[in-house]
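**Q** I'd like to ask you about the structure that follows.
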Amino acid sequence: PVIRVRAHALLARTRGQDHDATRAPPADLSALLRNIAALHGLTIDVQGTADSRTPLAVWLTVLDNLVVNAAQHRDPGQPPPQATWEPCAFGATAGARLRFALPGAPTPSSPESWFAPLATTRADGSGLGLYLVRRAVRSAGGDVRVQCPPLTFVVELP
């Protein structure tokens, strides 16, 4: 289902149209994250629940890029990523906070620099994944930051 929604959205954008399914918020953030992880060969321990009114297209961009980075940078034998959903406040309305932890990952010296465009630590990396995450999150009125240790991406969206 995730691939189908993404494919339809991409086709609609190339035709100058918007796709209704990507404008609505996701019904189940945990299921969405598990499905994206499975597409990339990862199993993620997901805890908690939260609701979000942020469109599915934003969540797809954020979750897919976080999971891709986790899959590409994960060493064999390293514990699987852990995700925790929590409700959070955005003024008078509720939102969702995701804590996406990578236990066993080395603690970087300057993780904020990873959000810069074309910043990569891999020879075959584009350096766009985390840049796109931050751009999508901020365009939706949220924020993303890195906490250590363990290496954890914290995403907050309305």
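In the structure tokens, chains take letters A, B, ... by order of appearance, with residues numbered from 1 within each chain and ligands from 1 in the order shown.
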Need to verify the contact set: range 36-39 of chain A, 9 Å, only C-alpha atoms, exclusion of same-chain residues closer than 4 positions in sequence. Can you return it as a ChimeraX atom specification?
**A** /A:2-3,31-32,43-44,60,63-64,67-68,71
**Q** If we count only C-alpha atoms, what is near range 138-142 of chain A at a cut-off of 12 Å, once residues fewer than 6 positions away on the same chain are taken out, given as a PyMOL selection string?
**A** chain A and resi 23+25+52-59+61-62+88-91+94-98+131-132+154-158
**Q** Rounded to one decimal, what separation in Å do you get between CA of Pro150 in chain A and CA of Ala27 in chain A?
**A**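 For CA of Pro150 in chain A relative to CA of Ala27 in chain A, the distance reads 29.1 Å.
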